[in-house]
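Undergrad: Have a look at this one.
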Amino acid sequence: MRPLSTFALEIQRGEDHEPSCISVVLSTAPDADGVLRLSPQCMTLDELEGAINALQDELDVLRADARRAFTVSAGHA
């Protein structure tokens, strides 16, 4: 699996070790100005669209990971 750089899944497990709560969190740190940037600073529309597409790709991976986590949980119910 490729590493995600902007987002991460936070999985809180219940007493039965199954996911009880999953959320998407930012895994980036503020820059020198204290700003949390979800993309690099883009100079063109093409750059910005590429950055947005990359963010969407990361979210798609997180969605699939979360779906698997919940499916495993439902399978043990």
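FYI, nothing fancy with the structure tokens labels: chains A, B, ... in order, residues from 1 per chain, ligands from 1 as they appear.
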Quick one: pick out all strand (DSSP E) residues within chain A from a backbone DSSP run and write them as an NGL selection string.
TA: :A and (7-13 or 19-26)
Undergrad: At a cut-off of 9 Å, using only C-alpha atoms, what residues contact Ala8 (chain A)? Leave out same-chain residues fewer than 3 positions from it and give the result as a list in words.
TA: Leu4, Ser5, Ser23, Val24, Val25, Leu26, Ser27, Glu58, Leu59 and Leu62 of chain A
Undergrad: Could those residues be written to a file, using all heavy atoms, as a short mmCIF file (atom, residue, chain, number, x, y, z; two decimals), in the first residue's frame?
TA:
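File produced: part_33.cif:
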```cif
data_model
loop_
_atom_site.label_atom_id
_atom_site.label_comp_id
_atom_site.auth_asym_id
_atom_site.auth_seq_id
_atom_site.Cartn_x
_atom_site.Cartn_y
_atom_site.Cartn_z
N LEU A 4 0.14 7.36 2.66
CA LEU A 4 -0.70 8.55 2.51
C LEU A 4 0.00 9.71 3.19
O LEU A 4 0.59 9.54 4.25
CB LEU A 4 -2.07 8.31 3.12
CG LEU A 4 -2.86 7.14 2.56
CD1 LEU A 4 -4.18 6.99 3.30
CD2 LEU A 4 -3.11 7.32 1.08
N SER A 5 -0.07 10.87 2.59
CA SER A 5 0.67 11.98 3.17
C SER A 5 -0.20 13.07 3.78
O SER A 5 0.24 13.75 4.68
CB SER A 5 1.58 12.59 2.10
OG SER A 5 0.80 13.06 1.01
N SER A 23 -12.49 7.86 11.86
CA SER A 23 -12.56 9.21 11.31
C SER A 23 -11.34 9.48 10.44
O SER A 23 -10.32 8.82 10.55
CB SER A 23 -12.66 10.25 12.42
OG SER A 23 -11.53 10.20 13.26
N VAL A 24 -11.47 10.47 9.56
CA VAL A 24 -10.37 10.91 8.72
C VAL A 24 -9.73 12.10 9.41
O VAL A 24 -10.42 13.06 9.79
CB VAL A 24 -10.88 11.32 7.31
CG1 VAL A 24 -9.73 11.85 6.46
CG2 VAL A 24 -11.56 10.14 6.63
N VAL A 25 -8.41 12.03 9.59
CA VAL A 25 -7.68 13.12 10.25
C VAL A 25 -6.58 13.63 9.32
O VAL A 25 -6.15 12.93 8.40
CB VAL A 25 -7.06 12.66 11.59
CG1 VAL A 25 -8.15 12.25 12.57
CG2 VAL A 25 -6.07 11.52 11.38
N LEU A 26 -6.15 14.84 9.55
CA LEU A 26 -5.03 15.41 8.79
C LEU A 26 -3.74 14.87 9.37
O LEU A 26 -3.55 14.84 10.59
CB LEU A 26 -5.03 16.93 8.88
CG LEU A 26 -6.13 17.66 8.15
CD1 LEU A 26 -6.09 19.16 8.47
CD2 LEU A 26 -6.00 17.45 6.66
N SER A 27 -2.85 14.45 8.51
CA SER A 27 -1.55 13.96 8.98
C SER A 27 -0.43 14.93 8.64
O SER A 27 0.73 14.61 8.76
CB SER A 27 -1.27 12.58 8.38
OG SER A 27 -1.28 12.64 6.97
N GLU A 58 -6.24 9.91 -2.41
CA GLU A 58 -5.98 9.53 -1.02
C GLU A 58 -7.28 9.22 -0.28
O GLU A 58 -7.36 8.24 0.47
CB GLU A 58 -5.23 10.63 -0.28
CG GLU A 58 -3.79 10.78 -0.70
CD GLU A 58 -3.02 11.72 0.21
OE1 GLU A 58 -3.26 11.71 1.43
OE2 GLU A 58 -2.18 12.46 -0.31
N LEU A 59 -8.31 10.04 -0.50
CA LEU A 59 -9.60 9.81 0.15
C LEU A 59 -10.22 8.50 -0.33
O LEU A 59 -10.84 7.78 0.45
CB LEU A 59 -10.54 10.99 -0.09
CG LEU A 59 -10.16 12.27 0.66
CD1 LEU A 59 -11.02 13.43 0.16
CD2 LEU A 59 -10.30 12.09 2.15
N LEU A 62 -8.59 5.74 1.58
CA LEU A 62 -9.12 5.71 2.95
C LEU A 62 -10.52 5.12 3.00
O LEU A 62 -10.86 4.37 3.91
CB LEU A 62 -9.12 7.10 3.56
CG LEU A 62 -7.75 7.72 3.85
CD1 LEU A 62 -7.91 9.11 4.44
CD2 LEU A 62 -6.94 6.84 4.77
#
```
Undergrad: Using DSSP on the backbone coordinates, identify all residues within region 32-62 of chain A classified as helix (DSSP H, G or I); present the result as an MDAnalysis selection string.
TA: chainID A and resid 45:62
Undergrad: Using the selection just defined, write its residues with N, CA, C and O atoms as a PDB file, in the first residue's frame.
TA:
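Contents of the output file selection.pdb:
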```
ATOM      1  N   LEU A  45      -3.707  26.434 -12.920  1.00  0.00           N
ATOM      2  CA  LEU A  45      -4.907  25.636 -12.719  1.00  0.00           C
ATOM      3  C   LEU A  45      -4.590  24.148 -12.859  1.00  0.00           C
ATOM      4  O   LEU A  45      -5.096  23.330 -12.090  1.00  0.00           O
ATOM      5  N   ASP A  46      -3.728  23.794 -13.809  1.00  0.00           N
ATOM      6  CA  ASP A  46      -3.356  22.383 -13.983  1.00  0.00           C
ATOM      7  C   ASP A  46      -2.695  21.822 -12.722  1.00  0.00           C
ATOM      8  O   ASP A  46      -2.985  20.698 -12.313  1.00  0.00           O
ATOM      9  N   GLU A  47      -1.819  22.601 -12.106  1.00  0.00           N
ATOM     10  CA  GLU A  47      -1.181  22.158 -10.864  1.00  0.00           C
ATOM     11  C   GLU A  47      -2.222  21.953  -9.764  1.00  0.00           C
ATOM     12  O   GLU A  47      -2.187  20.963  -9.038  1.00  0.00           O
ATOM     13  N   LEU A  48      -3.144  22.912  -9.649  1.00  0.00           N
ATOM     14  CA  LEU A  48      -4.174  22.819  -8.619  1.00  0.00           C
ATOM     15  C   LEU A  48      -5.080  21.619  -8.864  1.00  0.00           C
ATOM     16  O   LEU A  48      -5.409  20.874  -7.931  1.00  0.00           O
ATOM     17  N   GLU A  49      -5.480  21.413 -10.113  1.00  0.00           N
ATOM     18  CA  GLU A  49      -6.329  20.267 -10.421  1.00  0.00           C
ATOM     19  C   GLU A  49      -5.598  18.958 -10.125  1.00  0.00           C
ATOM     20  O   GLU A  49      -6.191  18.011  -9.609  1.00  0.00           O
ATOM     21  N   GLY A  50      -4.307  18.901 -10.417  1.00  0.00           N
ATOM     22  CA  GLY A  50      -3.519  17.716 -10.080  1.00  0.00           C
ATOM     23  C   GLY A  50      -3.473  17.473  -8.581  1.00  0.00           C
ATOM     24  O   GLY A  50      -3.598  16.343  -8.112  1.00  0.00           O
ATOM     25  N   ALA A  51      -3.307  18.537  -7.803  1.00  0.00           N
ATOM     26  CA  ALA A  51      -3.274  18.420  -6.347  1.00  0.00           C
ATOM     27  C   ALA A  51      -4.627  17.954  -5.810  1.00  0.00           C
ATOM     28  O   ALA A  51      -4.693  17.104  -4.921  1.00  0.00           O
ATOM     29  N   ILE A  52      -5.700  18.498  -6.347  1.00  0.00           N
ATOM     30  CA  ILE A  52      -7.046  18.085  -5.922  1.00  0.00           C
ATOM     31  C   ILE A  52      -7.284  16.627  -6.289  1.00  0.00           C
ATOM     32  O   ILE A  52      -7.825  15.852  -5.480  1.00  0.00           O
ATOM     33  N   ASN A  53      -6.862  16.206  -7.465  1.00  0.00           N
ATOM     34  CA  ASN A  53      -7.006  14.804  -7.869  1.00  0.00           C
ATOM     35  C   ASN A  53      -6.213  13.883  -6.947  1.00  0.00           C
ATOM     36  O   ASN A  53      -6.685  12.792  -6.592  1.00  0.00           O
ATOM     37  N   ALA A  54      -5.030  14.309  -6.529  1.00  0.00           N
ATOM     38  CA  ALA A  54      -4.227  13.504  -5.606  1.00  0.00           C
ATOM     39  C   ALA A  54      -4.921  13.377  -4.255  1.00  0.00           C
ATOM     40  O   ALA A  54      -4.918  12.301  -3.636  1.00  0.00           O
ATOM     41  N   LEU A  55      -5.528  14.469  -3.781  1.00  0.00           N
ATOM     42  CA  LEU A  55      -6.285  14.407  -2.526  1.00  0.00           C
ATOM     43  C   LEU A  55      -7.457  13.434  -2.651  1.00  0.00           C
ATOM     44  O   LEU A  55      -7.723  12.635  -1.745  1.00  0.00           O
ATOM     45  N   GLN A  56      -8.147  13.490  -3.780  1.00  0.00           N
ATOM     46  CA  GLN A  56      -9.275  12.577  -4.008  1.00  0.00           C
ATOM     47  C   GLN A  56      -8.796  11.128  -4.032  1.00  0.00           C
ATOM     48  O   GLN A  56      -9.447  10.245  -3.484  1.00  0.00           O
ATOM     49  N   ASP A  57      -7.641  10.889  -4.653  1.00  0.00           N
ATOM     50  CA  ASP A  57      -7.072   9.533  -4.672  1.00  0.00           C
ATOM     51  C   ASP A  57      -6.807   9.036  -3.252  1.00  0.00           C
ATOM     52  O   ASP A  57      -7.102   7.886  -2.922  1.00  0.00           O
ATOM     53  N   GLU A  58      -6.241   9.912  -2.410  1.00  0.00           N
ATOM     54  CA  GLU A  58      -5.980   9.526  -1.022  1.00  0.00           C
ATOM     55  C   GLU A  58      -7.279   9.217  -0.284  1.00  0.00           C
ATOM     56  O   GLU A  58      -7.362   8.241   0.466  1.00  0.00           O
ATOM     57  N   LEU A  59      -8.308  10.043  -0.496  1.00  0.00           N
ATOM     58  CA  LEU A  59      -9.596   9.806   0.153  1.00  0.00           C
ATOM     59  C   LEU A  59     -10.218   8.501  -0.334  1.00  0.00           C
ATOM     60  O   LEU A  59     -10.842   7.775   0.448  1.00  0.00           O
ATOM     61  N   ASP A  60     -10.055   8.177  -1.614  1.00  0.00           N
ATOM     62  CA  ASP A  60     -10.578   6.915  -2.143  1.00  0.00           C
ATOM     63  C   ASP A  60      -9.915   5.720  -1.463  1.00  0.00           C
ATOM     64  O   ASP A  60     -10.573   4.727  -1.141  1.00  0.00           O
ATOM     65  N   VAL A  61      -8.599   5.817  -1.215  1.00  0.00           N
ATOM     66  CA  VAL A  61      -7.887   4.743  -0.518  1.00  0.00           C
ATOM     67  C   VAL A  61      -8.407   4.613   0.912  1.00  0.00           C
ATOM     68  O   VAL A  61      -8.658   3.509   1.401  1.00  0.00           O
ATOM     69  N   LEU A  62      -8.595   5.744   1.578  1.00  0.00           N
ATOM     70  CA  LEU A  62      -9.117   5.710   2.949  1.00  0.00           C
ATOM     71  C   LEU A  62     -10.523   5.125   2.998  1.00  0.00           C
ATOM     72  O   LEU A  62     -10.864   4.366   3.905  1.00  0.00           O
TER      73      LEU A  62
END
```
Undergrad: In Å, with one decimal, what is the gap from CA of Leu36 (chain A) to CA of Phe7 (chain A)?
TA: 11.9 Å
Undergrad: Out of A:Glu10, A:Glu15, A:Ala29, A:Ser20, which residue has the shortest atom-to-atom distance to Asp65 (chain A) when counting only C-alpha atoms?
TA: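 That would be A:Glu10, the residue with the smallest distance to Asp65 (chain A).
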Undergrad: Show me, as a PyMOL selection string, the residues that have an atom within 9 Å of Cys21 (chain A) when counting only C-alpha atoms, minus same-chain residues fewer than 5 positions from it.
TA: chain A and resi 10-14
Undergrad: I'd like to know which of A:Thr6, A:Asp16, A:Thr71, A:Ile22 is closest to Pro40 (chain A), using only C-alpha atoms.
TA: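 Checking each candidate against Pro40 (chain A), we get A:Thr6 as the closest.
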Undergrad: Please report the interatomic distance between CA of Met43 (chain A) and CA of Thr28 (chain A) in Å with one decimal.
TA: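 Going from CA of Met43 (chain A) over to CA of Thr28 (chain A), I get 21.0 Å.
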Undergrad: Would you mind telling me which residue in A:Gln41, A:Val35, A:Pro30, A:Glu18 lies nearest to Phe70 (chain A) when using only C-alpha atoms?
TA: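 Of A:Gln41, A:Val35, A:Pro30, A:Glu18, the one nearest Phe70 (chain A), counting only C-alpha atoms, is A:Glu18.
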